[in-house]
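Trainee: Following this line is protein-v3.json, made up of JSON, C-alpha atoms and all ligand atoms:
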[["chain", "number", "residue", "atom", "x", "y", "z"],
["A", 13, "MET", "CA", 39.87, -44.01, 129.02],
["A", 14, "ILE", "CA", 39.68, -46.54, 126.17],
["A", 15, "LYS", "CA", 37.25, -49.45, 126.36],
["A", 16, "ILE", "CA", 37.60, -52.03, 123.62],
["A", 17, "LYS", "CA", 34.45, -54.11, 123.50],
["A", 18, "SER", "CA", 34.15, -57.42, 121.62],
["A", 19, "LEU", "CA", 36.07, -56.11, 118.64],
["A", 20, "SER", "CA", 36.27, -58.32, 115.56],
["A", 21, "LYS", "CA", 37.67, -57.66, 112.11],
["A", 22, "HIS", "CA", 38.39, -60.00, 109.27],
["A", 23, "PHE", "CA", 40.08, -59.50, 105.91],
["A", 24, "GLY", "CA", 38.89, -62.24, 103.53],
["A", 25, "ASN", "CA", 39.38, -65.43, 105.49],
["A", 26, "ILE", "CA", 41.89, -63.90, 107.95],
["A", 27, "ASN", "CA", 40.57, -63.11, 111.41],
["A", 28, "ALA", "CA", 42.72, -60.08, 112.20],
["A", 29, "LEU", "CA", 40.82, -59.43, 115.46],
["A", 30, "ASP", "CA", 38.76, -62.04, 117.22],
["A", 31, "ASN", "CA", 36.43, -60.71, 119.91],
["A", 32, "LEU", "CA", 39.00, -58.43, 121.51],
["A", 33, "ASN", "CA", 38.23, -56.89, 124.91],
["A", 34, "LEU", "CA", 40.58, -54.51, 126.70],
["A", 35, "ASP", "CA", 40.35, -51.51, 129.04],
["A", 36, "ILE", "CA", 43.09, -48.90, 128.95],
["A", 37, "ARG", "CA", 43.27, -46.58, 131.94],
["A", 38, "LYS", "CA", 43.78, -42.86, 131.84],
["A", 39, "GLY", "CA", 47.47, -41.97, 132.12],
["A", 40, "GLU", "CA", 48.70, -45.50, 131.57],
["A", 41, "LEU", "CA", 51.25, -46.67, 129.05],
["A", 42, "LEU", "CA", 49.87, -49.90, 127.67],
["A", 43, "GLY", "CA", 52.01, -52.13, 125.49],
["A", 44, "LEU", "CA", 50.39, -54.15, 122.76],
["A", 45, "ILE", "CA", 52.90, -56.84, 121.94],
["A", 46, "GLY", "CA", 52.63, -59.69, 119.52],
["A", 47, "PRO", "CA", 54.31, -61.27, 116.52],
["A", 48, "ASN", "CA", 53.86, -59.88, 113.01],
["A", 49, "GLY", "CA", 50.28, -60.33, 111.89],
["A", 50, "ALA", "CA", 48.92, -60.56, 115.46],
["A", 51, "GLY", "CA", 46.41, -57.78, 114.81],
["A", 52, "LYS", "CA", 48.12, -54.87, 116.62],
["A", 53, "THR", "CA", 47.93, -52.40, 113.74],
["A", 54, "THR", "CA", 44.36, -53.42, 112.94],
["A", 55, "ALA", "CA", 43.33, -52.79, 116.55],
["A", 56, "ILE", "CA", 44.85, -49.33, 116.69],
["A", 57, "ARG", "CA", 43.57, -48.34, 113.28],
["A", 58, "ILE", "CA", 40.09, -49.13, 114.55],
["A", 59, "ILE", "CA", 40.66, -47.19, 117.78],
["A", 60, "SER", "CA", 41.93, -44.25, 115.70],
["A", 61, "CYS", "CA", 38.77, -44.39, 113.52],
["A", 62, "ILE", "CA", 40.71, -45.15, 110.35],
["A", 63, "LEU", "CA", 39.18, -48.60, 109.95],
["A", 64, "LYS", "CA", 35.69, -49.84, 110.81],
["A", 65, "PRO", "CA", 35.25, -53.04, 112.81],
["A", 66, "ASP", "CA", 32.98, -55.88, 111.68],
["A", 67, "HIS", "CA", 31.62, -56.25, 115.19],
["A", 68, "GLY", "CA", 32.06, -54.55, 118.53],
["A", 69, "ASP", "CA", 32.82, -51.01, 119.57],
["A", 70, "VAL", "CA", 35.48, -48.89, 121.22],
["A", 71, "LEU", "CA", 34.62, -46.16, 123.70],
["A", 72, "VAL", "CA", 37.19, -43.40, 123.95],
["A", 73, "ASP", "CA", 36.50, -41.22, 126.97],
["A", 74, "GLY", "CA", 32.87, -42.36, 126.71],
["A", 75, "CYS", "CA", 32.51, -41.62, 122.95],
["A", 76, "SER", "CA", 31.86, -44.46, 120.51],
["A", 77, "ILE", "CA", 34.08, -44.87, 117.44],
["A", 78, "LEU", "CA", 30.90, -45.72, 115.55],
["A", 79, "GLU", "CA", 29.08, -42.53, 116.49],
["A", 80, "ASP", "CA", 31.70, -39.91, 117.23],
["A", 81, "PRO", "CA", 34.78, -40.55, 115.04],
["A", 82, "LEU", "CA", 35.62, -36.87, 114.52],
["A", 83, "ARG", "CA", 35.69, -36.11, 118.23],
["A", 84, "ILE", "CA", 37.82, -39.20, 118.86],
["A", 85, "LYS", "CA", 40.26, -38.31, 116.07],
["A", 86, "SER", "CA", 40.85, -34.95, 117.72],
["A", 87, "MET", "CA", 41.71, -36.69, 120.99],
["A", 88, "ILE", "CA", 44.23, -39.09, 119.49],
["A", 89, "GLY", "CA", 47.73, -38.60, 118.14],
["A", 90, "TYR", "CA", 48.79, -41.53, 115.99],
["A", 91, "LEU", "CA", 52.23, -42.43, 114.75],
["A", 92, "PRO", "CA", 51.61, -45.06, 112.05],
["A", 93, "GLU", "CA", 54.00, -47.91, 111.36],
["A", 94, "GLU", "CA", 55.17, -46.12, 108.24],
["A", 95, "PRO", "CA", 54.19, -42.49, 108.52],
["A", 96, "ASN", "CA", 53.29, -41.09, 105.15],
["A", 97, "LEU", "CA", 54.89, -37.65, 105.34],
["A", 98, "TYR", "CA", 54.59, -35.28, 102.43],
["A", 99, "GLU", "CA", 58.03, -35.61, 100.92],
["A", 100, "ARG", "CA", 58.26, -32.16, 99.31],
["A", 101, "PHE", "CA", 57.20, -30.28, 102.41],
["A", 102, "LYS", "CA", 59.66, -28.67, 104.71],
["A", 103, "ALA", "CA", 59.42, -30.07, 108.24],
["A", 104, "TYR", "CA", 58.01, -26.81, 109.58],
["A", 105, "ASP", "CA", 55.40, -26.48, 106.85],
["A", 106, "LEU", "CA", 54.25, -30.06, 107.28],
["A", 107, "LEU", "CA", 53.59, -29.50, 110.98],
["A", 108, "LYS", "CA", 51.85, -26.22, 110.22],
["A", 109, "TYR", "CA", 49.64, -27.92, 107.68],
["A", 110, "PHE", "CA", 48.60, -30.57, 110.20],
["A", 111, "GLY", "CA", 48.04, -27.97, 112.91],
["A", 112, "GLU", "CA", 45.63, -26.22, 110.55],
["A", 113, "LEU", "CA", 43.94, -29.51, 109.64],
["A", 114, "TYR", "CA", 43.26, -30.09, 113.32],
["A", 115, "GLY", "CA", 41.70, -26.66, 113.48],
["A", 116, "MET", "CA", 44.24, -25.25, 115.93],
["A", 117, "PRO", "CA", 44.07, -21.49, 116.51],
["A", 118, "LYS", "CA", 46.66, -19.75, 114.27],
["A", 119, "ASP", "CA", 48.53, -18.09, 117.13],
["A", 120, "LYS", "CA", 48.95, -21.45, 118.90],
["A", 121, "ILE", "CA", 50.37, -23.34, 115.92],
["A", 122, "GLU", "CA", 53.76, -21.64, 115.58],
["A", 123, "PRO", "CA", 54.80, -21.81, 119.24],
["A", 124, "ARG", "CA", 53.64, -25.44, 119.34],
["A", 125, "ILE", "CA", 55.76, -26.32, 116.30],
["A", 126, "ASP", "CA", 58.81, -24.67, 117.85],
["A", 127, "GLU", "CA", 58.24, -26.55, 121.08],
["A", 128, "LEU", "CA", 57.79, -29.91, 119.34],
["A", 129, "LEU", "CA", 60.77, -29.52, 117.02],
["A", 130, "GLU", "CA", 62.85, -28.77, 120.08],
["A", 131, "LEU", "CA", 61.44, -31.82, 121.90],
["A", 132, "VAL", "CA", 62.26, -34.21, 119.07],
["A", 133, "GLY", "CA", 65.64, -32.54, 118.48],
["A", 134, "MET", "CA", 64.79, -31.21, 115.01],
["A", 135, "SER", "CA", 64.86, -27.42, 115.49],
["A", 136, "LYS", "CA", 67.84, -27.05, 113.18],
["A", 137, "ARG", "CA", 66.10, -29.02, 110.44],
["A", 138, "ALA", "CA", 62.86, -27.04, 110.49],
["A", 139, "GLN", "CA", 63.47, -25.59, 107.03],
["A", 140, "HIS", "CA", 64.73, -28.81, 105.47],
["A", 141, "LYS", "CA", 62.57, -30.90, 103.18],
["A", 142, "ILE", "CA", 61.27, -34.26, 104.38],
["A", 143, "ASN", "CA", 62.79, -36.04, 101.37],
["A", 144, "THR", "CA", 66.27, -35.19, 102.67],
["A", 145, "PHE", "CA", 65.66, -36.96, 106.00],
["A", 146, "SER", "CA", 66.87, -40.39, 107.09],
["A", 147, "LYS", "CA", 64.40, -42.91, 108.54],
["A", 148, "GLY", "CA", 65.20, -41.81, 112.10],
["A", 149, "LEU", "CA", 64.67, -38.12, 111.33],
["A", 150, "ARG", "CA", 61.39, -38.88, 109.57],
["A", 151, "GLN", "CA", 60.27, -40.81, 112.62],
["A", 152, "ARG", "CA", 60.96, -37.73, 114.77],
["A", 153, "ILE", "CA", 58.86, -35.59, 112.46],
["A", 154, "GLY", "CA", 56.17, -38.30, 112.49],
["A", 155, "ILE", "CA", 56.12, -38.06, 116.27],
["A", 156, "ALA", "CA", 55.91, -34.26, 116.19],
["A", 157, "ARG", "CA", 53.04, -34.53, 113.72],
["A", 158, "ALA", "CA", 51.21, -36.98, 116.01],
["A", 159, "LEU", "CA", 51.56, -34.58, 118.93],
["A", 160, "ILE", "CA", 50.83, -31.27, 117.19],
["A", 161, "HIS", "CA", 47.30, -30.88, 118.56],
["A", 162, "ASP", "CA", 48.41, -31.89, 122.05],
["A", 163, "PRO", "CA", 46.20, -35.02, 122.14],
["A", 164, "GLU", "CA", 45.30, -36.76, 125.38],
["A", 165, "ILE", "CA", 45.90, -40.16, 123.85],
["A", 166, "ILE", "CA", 48.97, -41.10, 121.85],
["A", 167, "ILE", "CA", 49.36, -44.29, 119.85],
["A", 168, "PHE", "CA", 52.78, -45.38, 118.65],
["A", 169, "ASP", "CA", 52.89, -48.23, 116.15],
["A", 170, "GLU", "CA", 56.34, -49.84, 116.13],
["A", 171, "PRO", "CA", 58.07, -46.49, 116.72],
["A", 172, "THR", "CA", 61.62, -47.85, 116.72],
["A", 173, "MET", "CA", 61.37, -50.49, 114.02],
["A", 174, "GLY", "CA", 64.33, -50.39, 111.66],
["A", 175, "LEU", "CA", 66.12, -47.61, 113.54],
["A", 176, "ASP", "CA", 69.69, -47.73, 114.79],
["A", 177, "PRO", "CA", 70.18, -48.36, 118.53],
["A", 178, "ALA", "CA", 71.04, -44.74, 119.37],
["A", 179, "THR", "CA", 67.98, -43.31, 117.60],
["A", 180, "SER", "CA", 65.77, -46.02, 119.11],
["A", 181, "ASN", "CA", 67.04, -45.07, 122.52],
["A", 182, "THR", "CA", 66.27, -41.38, 121.94],
["A", 183, "ILE", "CA", 62.73, -42.23, 120.86],
["A", 184, "ARG", "CA", 62.20, -44.55, 123.84],
["A", 185, "LYS", "CA", 63.36, -41.81, 126.18],
["A", 186, "PHE", "CA", 60.95, -39.43, 124.55],
["A", 187, "ILE", "CA", 58.06, -41.86, 124.99],
["A", 188, "ALA", "CA", 59.10, -42.36, 128.62],
["A", 189, "SER", "CA", 59.01, -38.60, 129.13],
["A", 190, "LEU", "CA", 55.31, -38.55, 128.17],
["A", 191, "LYS", "CA", 54.45, -41.20, 130.76],
["A", 192, "GLY", "CA", 51.80, -40.29, 133.27],
["A", 193, "GLU", "CA", 50.79, -37.15, 131.38],
["A", 194, "LYS", "CA", 49.16, -38.93, 128.46],
["A", 195, "THR", "CA", 47.36, -42.18, 127.86],
["A", 196, "ILE", "CA", 49.64, -44.12, 125.56],
["A", 197, "ILE", "CA", 49.38, -47.30, 123.52],
["A", 198, "LEU", "CA", 52.69, -48.67, 122.31],
["A", 199, "CYS", "CA", 52.64, -51.45, 119.72],
["A", 200, "THR", "CA", 55.90, -53.24, 119.49],
["A", 201, "HIS", "CA", 57.43, -56.58, 118.84],
["A", 202, "TYR", "CA", 60.55, -55.59, 120.77],
["A", 203, "MET", "CA", 60.10, -57.15, 124.17],
["A", 204, "ASP", "CA", 62.86, -55.15, 125.83],
["A", 205, "GLU", "CA", 61.13, -51.97, 124.70],
["A", 206, "ALA", "CA", 57.83, -53.11, 126.21],
["A", 207, "GLU", "CA", 59.51, -54.22, 129.42],
["A", 208, "GLU", "CA", 61.34, -50.92, 129.80],
["A", 209, "LEU", "CA", 58.44, -48.60, 129.08],
["A", 210, "CYS", "CA", 55.05, -50.16, 129.77],
["A", 211, "ASP", "CA", 52.88, -50.07, 132.87],
["A", 212, "ARG", "CA", 50.91, -53.01, 131.55],
["A", 213, "VAL", "CA", 51.35, -55.25, 128.56],
["A", 214, "ALA", "CA", 48.76, -57.15, 126.52],
["A", 215, "ILE", "CA", 50.10, -60.10, 124.56],
["A", 216, "LEU", "CA", 48.19, -60.40, 121.32],
["A", 217, "ASN", "CA", 48.30, -63.35, 118.95],
["A", 218, "GLN", "CA", 45.98, -64.18, 116.07],
["A", 219, "GLY", "CA", 43.64, -61.38, 117.06],
["A", 220, "LYS", "CA", 43.21, -62.56, 120.66],
["A", 221, "ILE", "CA", 44.68, -61.42, 123.95],
["A", 222, "LEU", "CA", 46.67, -64.27, 125.45],
["A", 223, "ASP", "CA", 47.65, -62.46, 128.62],
["A", 224, "LEU", "CA", 47.55, -59.05, 130.25],
["A", 225, "GLY", "CA", 49.37, -57.51, 133.18],
["A", 226, "THR", "CA", 52.41, -55.60, 134.39],
["A", 227, "PRO", "CA", 55.73, -56.88, 133.04],
["A", 228, "ASP", "CA", 56.57, -58.13, 136.56],
["A", 229, "TYR", "CA", 53.29, -59.98, 136.87],
["A", 230, "LEU", "CA", 53.74, -61.64, 133.48],
["A", 231, "LYS", "CA", 57.30, -62.62, 134.33],
["A", 232, "SER", "CA", 56.19, -64.07, 137.67],
["A", 233, "LYS", "CA", 53.91, -66.42, 135.77],
["A", 234, "ILE", "CA", 56.92, -68.15, 134.28],
["A", 235, "HIS", "CA", 57.42, -69.58, 137.77],
["A", 236, "GLY", "CA", 61.11, -70.02, 137.25],
["A", 237, "GLU", "CA", 63.75, -67.98, 138.96],
["A", 238, "THR", "CA", 66.41, -68.87, 136.42],
["A", 239, "ILE", "CA", 66.37, -69.60, 132.74],
["A", 240, "LEU", "CA", 69.01, -71.96, 131.44],
["A", 241, "LYS", "CA", 69.86, -71.42, 127.79],
["A", 242, "LEU", "CA", 71.69, -74.20, 126.02],
["A", 243, "LYS", "CA", 72.91, -74.16, 122.47],
["A", 244, "ILE", "CA", 72.94, -77.73, 121.27],
["A", 245, "LYS", "CA", 74.27, -79.60, 118.30],
["A", 246, "ASP", "CA", 71.67, -81.90, 116.68],
["A", 247, "ILE", "CA", 68.80, -80.12, 118.41],
["A", 248, "ASP", "CA", 66.26, -82.13, 116.43],
["A", 249, "ASN", "CA", 67.09, -85.18, 118.51],
["A", 250, "ILE", "CA", 66.29, -83.47, 121.85],
["A", 251, "GLN", "CA", 63.33, -84.81, 123.74],
["A", 252, "PRO", "CA", 61.92, -82.23, 126.15],
["A", 253, "ARG", "CA", 60.44, -84.91, 128.37],
["A", 254, "ILE", "CA", 63.92, -86.11, 129.39],
["A", 255, "ILE", "CA", 64.71, -82.62, 130.65],
["A", 256, "LYS", "CA", 61.31, -82.27, 132.31],
["A", 257, "LYS", "CA", 61.98, -85.22, 134.62],
["A", 258, "PHE", "CA", 64.24, -83.04, 136.78],
["A", 259, "GLU", "CA", 62.40, -81.69, 139.79],
["A", 260, "SER", "CA", 63.54, -78.08, 139.38],
["A", 261, "VAL", "CA", 62.42, -77.86, 135.73],
["A", 262, "GLU", "CA", 59.27, -75.81, 135.24],
["A", 263, "ASN", "CA", 59.17, -75.58, 131.49],
["A", 264, "VAL", "CA", 61.18, -76.49, 128.39],
["A", 265, "SER", "CA", 61.02, -74.75, 125.03],
["A", 266, "ILE", "CA", 63.11, -75.32, 121.95],
["A", 267, "ILE", "CA", 63.71, -72.21, 119.87],
["A", 268, "GLY", "CA", 65.97, -72.50, 116.82],
["A", 269, "ASP", "CA", 69.16, -74.20, 117.96],
["A", 270, "GLN", "CA", 68.56, -73.39, 121.64],
["A", 271, "VAL", "CA", 66.87, -75.15, 124.50],
["A", 272, "LEU", "CA", 65.37, -72.80, 127.09],
["A", 273, "VAL", "CA", 64.75, -74.42, 130.47],
["A", 274, "SER", "CA", 62.89, -72.51, 133.21],
["A", 275, "LEU", "CA", 64.13, -73.62, 136.60],
["A", 276, "SER", "CA", 62.76, -73.08, 140.09],
["A", 277, "SER", "CA", 66.33, -73.29, 141.40],
["A", 278, "GLY", "CA", 69.84, -73.68, 140.02],
["A", 279, "GLU", "CA", 70.67, -76.92, 141.87],
["A", 280, "GLU", "CA", 70.32, -79.30, 138.98],
["A", 281, "ILE", "CA", 71.91, -77.19, 136.25],
["A", 282, "CYS", "CA", 75.01, -79.39, 136.03],
["A", 283, "ASN", "CA", 72.94, -82.56, 135.79],
["A", 284, "ILE", "CA", 70.84, -81.09, 133.01],
["A", 285, "ILE", "CA", 73.90, -80.05, 131.03],
["A", 286, "GLU", "CA", 75.36, -83.55, 131.42],
["A", 287, "LEU", "CA", 72.36, -84.97, 129.59],
["A", 288, "PHE", "CA", 73.73, -83.54, 126.36],
["A", 289, "GLU", "CA", 77.30, -84.72, 126.83],
["A", 290, "ASN", "CA", 79.50, -83.39, 124.04],
["A", 291, "ASN", "CA", 76.67, -81.76, 122.10],
["A", 292, "VAL", "CA", 76.59, -78.57, 124.21],
["A", 293, "LEU", "CA", 77.89, -75.61, 122.22],
["A", 294, "SER", "CA", 77.19, -72.90, 124.82],
["A", 295, "VAL", "CA", 75.57, -72.45, 128.23],
["A", 296, "ASN", "CA", 73.98, -69.33, 129.70],
["A", 297, "THR", "CA", 71.75, -68.58, 132.64],
["A", 298, "LYS", "CA", 69.62, -65.49, 133.11],
["A", 299, "GLU", "CA", 66.64, -64.06, 134.94],
["A", 300, "PRO", "CA", 63.32, -64.39, 133.11],
["A", 301, "THR", "CA", 62.47, -61.46, 130.83],
["A", 302, "LEU", "CA", 59.31, -60.45, 129.07],
["A", 303, "GLU", "CA", 60.76, -62.08, 125.98],
["A", 304, "ASP", "CA", 60.69, -65.46, 127.75],
["A", 305, "VAL", "CA", 57.05, -64.91, 128.67],
["A", 306, "PHE", "CA", 56.32, -64.03, 125.07],
["A", 307, "ILE", "CA", 58.09, -67.09, 123.70],
["A", 308, "GLN", "CA", 56.21, -69.37, 126.08],
["A", 309, "ARG", "CA", 52.82, -67.82, 125.37],
["A", 310, "VAL", "CA", 53.13, -67.36, 121.60],
["A", 311, "LYS", "CA", 54.13, -70.80, 120.41],
["B", 1, "LIG", "N1", 44.16, -54.15, 104.63],
["B", 1, "LIG", "C1", 44.33, -55.46, 104.79],
["B", 1, "LIG", "N2", 43.95, -56.35, 103.85],
["B", 1, "LIG", "C2", 44.12, -57.68, 104.02],
["B", 1, "LIG", "N3", 44.65, -58.24, 105.12],
["B", 1, "LIG", "C3", 45.06, -57.42, 106.09],
["B", 1, "LIG", "C4", 44.93, -55.98, 105.99],
["B", 1, "LIG", "N4", 45.41, -55.42, 107.12],
["B", 1, "LIG", "C5", 45.83, -56.45, 107.90],
["B", 1, "LIG", "N5", 45.62, -57.64, 107.28],
["B", 1, "LIG", "C6", 45.94, -58.97, 107.85],
["B", 1, "LIG", "O1", 45.42, -59.02, 109.17],
["B", 1, "LIG", "C7", 46.32, -59.66, 110.05],
["B", 1, "LIG", "C8", 46.70, -58.70, 111.17],
["B", 1, "LIG", "O2", 47.53, -57.68, 110.63],
["B", 1, "LIG", "P1", 48.10, -56.45, 111.47],
["B", 1, "LIG", "O3", 46.99, -55.88, 112.28],
["B", 1, "LIG", "O4", 48.78, -55.56, 110.52],
["B", 1, "LIG", "O5", 49.13, -57.19, 112.43],
["B", 1, "LIG", "P2", 50.36, -56.60, 113.28],
["B", 1, "LIG", "O6", 50.28, -55.14, 113.27],
["B", 1, "LIG", "O7", 50.22, -57.23, 114.63],
["B", 1, "LIG", "O8", 51.59, -57.12, 112.58],
["B", 1, "LIG", "C9", 47.49, -60.11, 109.20],
["B", 1, "LIG", "O9", 47.28, -61.45, 108.84],
["B", 1, "LIG", "C10", 47.43, -59.19, 108.00],
["B", 1, "LIG", "O10", 47.99, -59.81, 106.87],
["B", 2, "MG", "MG", 51.65, -53.74, 112.67]]
Would you kindly transcribe this structure into structure tokens?
Ligand SMILES: Nc1ncnc2c1ncn2[C@@H]1O[C@H](COP(=O)(O)OP(=O)(O)O)[C@@H](O)[C@H]1O
Ligand SMILES: [Mg+2]

Mentor:
Amino acid sequence: MIKIKSLSKHFGNINALDNLNLDIRKGELLGLIGPNGAGKTTAIRIISCILKPDHGDVLVDGCSILEDPLRIKSMIGYLPEEPNLYERFKAYDLLKYFGELYGMPKDKIEPRIDELLELVGMSKRAQHKINTFSKGLRQRIGIARALIHDPEIIIFDEPTMGLDPATSNTIRKFIASLKGEKTIILCTHYMDEAEELCDRVAILNQGKILDLGTPDYLKSKIHGETILKLKIKDIDNIQPRIIKKFESVENVSIIGDQVLVSLSSGEEICNIIELFENNVLSVNTKEPTLEDVFIQRVK
């Protein structure tokens, strides 16, 4: 459905995208994950025909972003990182305005607005002005605006950033409800969000894809069945190679004041903890998550 071909973009001396290649299948929910500045927003702004690439092309359902931007724009619904909603508009009028901009037939716009406001739980606020809405309510209206023309492709850029857990959960559920029906790109730096929602995940860093696959596939590449998390006093004095000499240790990373040890089995956990004697502040074990994959890949 979306073919990203050798895409590059730089801003001054920053390489925001560096020869990016990626195929997104019809009906799939693809996660684009990466730290801040990885190039996620740049990539989706190019796909959405808001920004021009320096090199490369994107084919959306066979149409090139270079040749057919208007057609592609009509196929895509885009929720930007910070949706710029017209503050003085009432929610209903804003959606109507965008429906008209997309050239929707007049008799289709009103029922579609009613349906969308219902879907995002904003029916009661239809006649309220945007400037009276909290961040979470704005995000719901931003989503309704992205979906007004019933696009085949939907792109969400950090849809839950800065929202409280309950609102985030509502928005995640909503995205999940679109799965299978639409082709979706979800940019996020929340790994649990990507793990919960995505069919496949691309890990982006410094404009390049480091890895791509289903969350399970990516987790299986950690090779460990358990992750041992140790909080240690004087972490600066830890030498990973001492931990690595244990047979069951697959990988060691030091993040902040924690040592994360991937283990192929739990047999040597006690011996590893003993290495640190009285410096151990806390001990946890857990199954690998997408976050662990991310931390290992994006160092
Ligand atoms: N309009 C711009 N002007 C200058 N630099 C930019 C612009 N947009 C993005 N960048 C830079 O490009 C890099 C990638 O940014 P972005 O695509 O926004 O990353 P992400 O969305 O993954 O956080 C960053 O280093 C960012 O500072
Ligand atoms: Mg971004």

Trainee: Residues of chain A that have any atom at most 12 Å from an atom of ligand LIG 1 (chain B): could you tabulate them with the shortest-distance atom pair and the distance in Å to one decimal, using all atoms listed in the file, ordered by chain and increasing number, as a tab-separated table?

Mentor:
residue	atom	partner	partner_atom	distance
A:Ser20	CA	B:LIG1	O1	11.2
A:Lys21	CA	B:LIG1	O1	8.4
A:His22	CA	B:LIG1	O1	7.1
A:Phe23	CA	B:LIG1	N3	4.8
A:Gly24	CA	B:LIG1	C2	7.0
A:Asn25	CA	B:LIG1	N3	8.9
A:Ile26	CA	B:LIG1	O9	6.0
A:Asn27	CA	B:LIG1	O1	6.7
A:Ala28	CA	B:LIG1	O1	4.2
A:Leu29	CA	B:LIG1	C8	7.3
A:Asp30	CA	B:LIG1	C8	10.5
A:Leu44	CA	B:LIG1	O7	8.7
A:Ile45	CA	B:LIG1	O7	7.8
A:Gly46	CA	B:LIG1	O7	6.0
A:Pro47	CA	B:LIG1	O7	6.1
A:Asn48	CA	B:LIG1	O8	3.6
A:Gly49	CA	B:LIG1	O5	3.4
A:Ala50	CA	B:LIG1	O7	3.7
A:Gly51	CA	B:LIG1	O3	3.2
A:Lys52	CA	B:LIG1	O7	3.7
A:Thr53	CA	B:LIG1	O6	3.6
A:Thr54	CA	B:LIG1	O3	3.7
A:Ala55	CA	B:LIG1	O3	6.4
A:Ile56	CA	B:LIG1	O3	8.2
A:Arg57	CA	B:LIG1	O3	8.3
A:Ile58	CA	B:LIG1	O3	9.9
A:Ile62	CA	B:LIG1	N1	11.2
A:Leu63	CA	B:LIG1	N1	9.2
A:Lys64	CA	B:LIG1	N1	11.3
A:Pro65	CA	B:LIG1	N4	11.9
A:Pro92	CA	B:LIG1	O6	10.2
A:Glu93	CA	B:LIG1	O6	8.4
A:Glu94	CA	B:LIG1	O6	11.4
A:Phe168	CA	B:LIG1	O6	11.4
A:Asp169	CA	B:LIG1	O6	7.9
A:Glu170	CA	B:LIG1	O6	8.5
A:Met173	CA	B:LIG1	O8	11.9
A:Leu198	CA	B:LIG1	O6	11.4
A:Cys199	CA	B:LIG1	O6	7.8
A:Thr200	CA	B:LIG1	O7	8.5
A:His201	CA	B:LIG1	O7	8.4
A:Ala214	CA	B:LIG1	O7	12.0
A:Ile215	CA	B:LIG1	O7	10.3
A:Leu216	CA	B:LIG1	O7	7.7
A:Asn217	CA	B:LIG1	O7	7.7
A:Gln218	CA	B:LIG1	C8	7.4
A:Gly219	CA	B:LIG1	C8	7.2
A:Lys220	CA	B:LIG1	O7	10.7
A:Ile221	CA	B:LIG1	O7	11.6

Trainee: Using all atoms listed in the file, which of the listed residues (A:Leu190, A:Ile285, A:Ile153, A:Ile16) sits closest to Leu71 in chain A?

Mentor: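 That would be A:Ile16, the residue with the smallest distance to Leu71 in chain A.
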
Trainee: To one decimal place in Å, what is the distance between CA of Gly133 in chain A and CA of Pro117 in chain A?

Mentor: 24.3 Å

Trainee: What does the distance between CA of Glu130 in chain A and CA of Leu175 in chain A come to in Å, to one decimal place?

Mentor: 20.2 Å

Trainee: How many Å separate CA of Glu205 in chain A from CA of Phe145 in chain A?

Mentor: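 It comes out at 24.4 Å.
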
Trainee: Out of A:Lys120, A:Lys102, A:Arg37, A:Lys15, which residue has the shortest atom-to-atom distance to Ser76 in chain A when counting only C-alpha atoms?

Mentor: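 The closest residue to Ser76 in chain A is A:Lys15.
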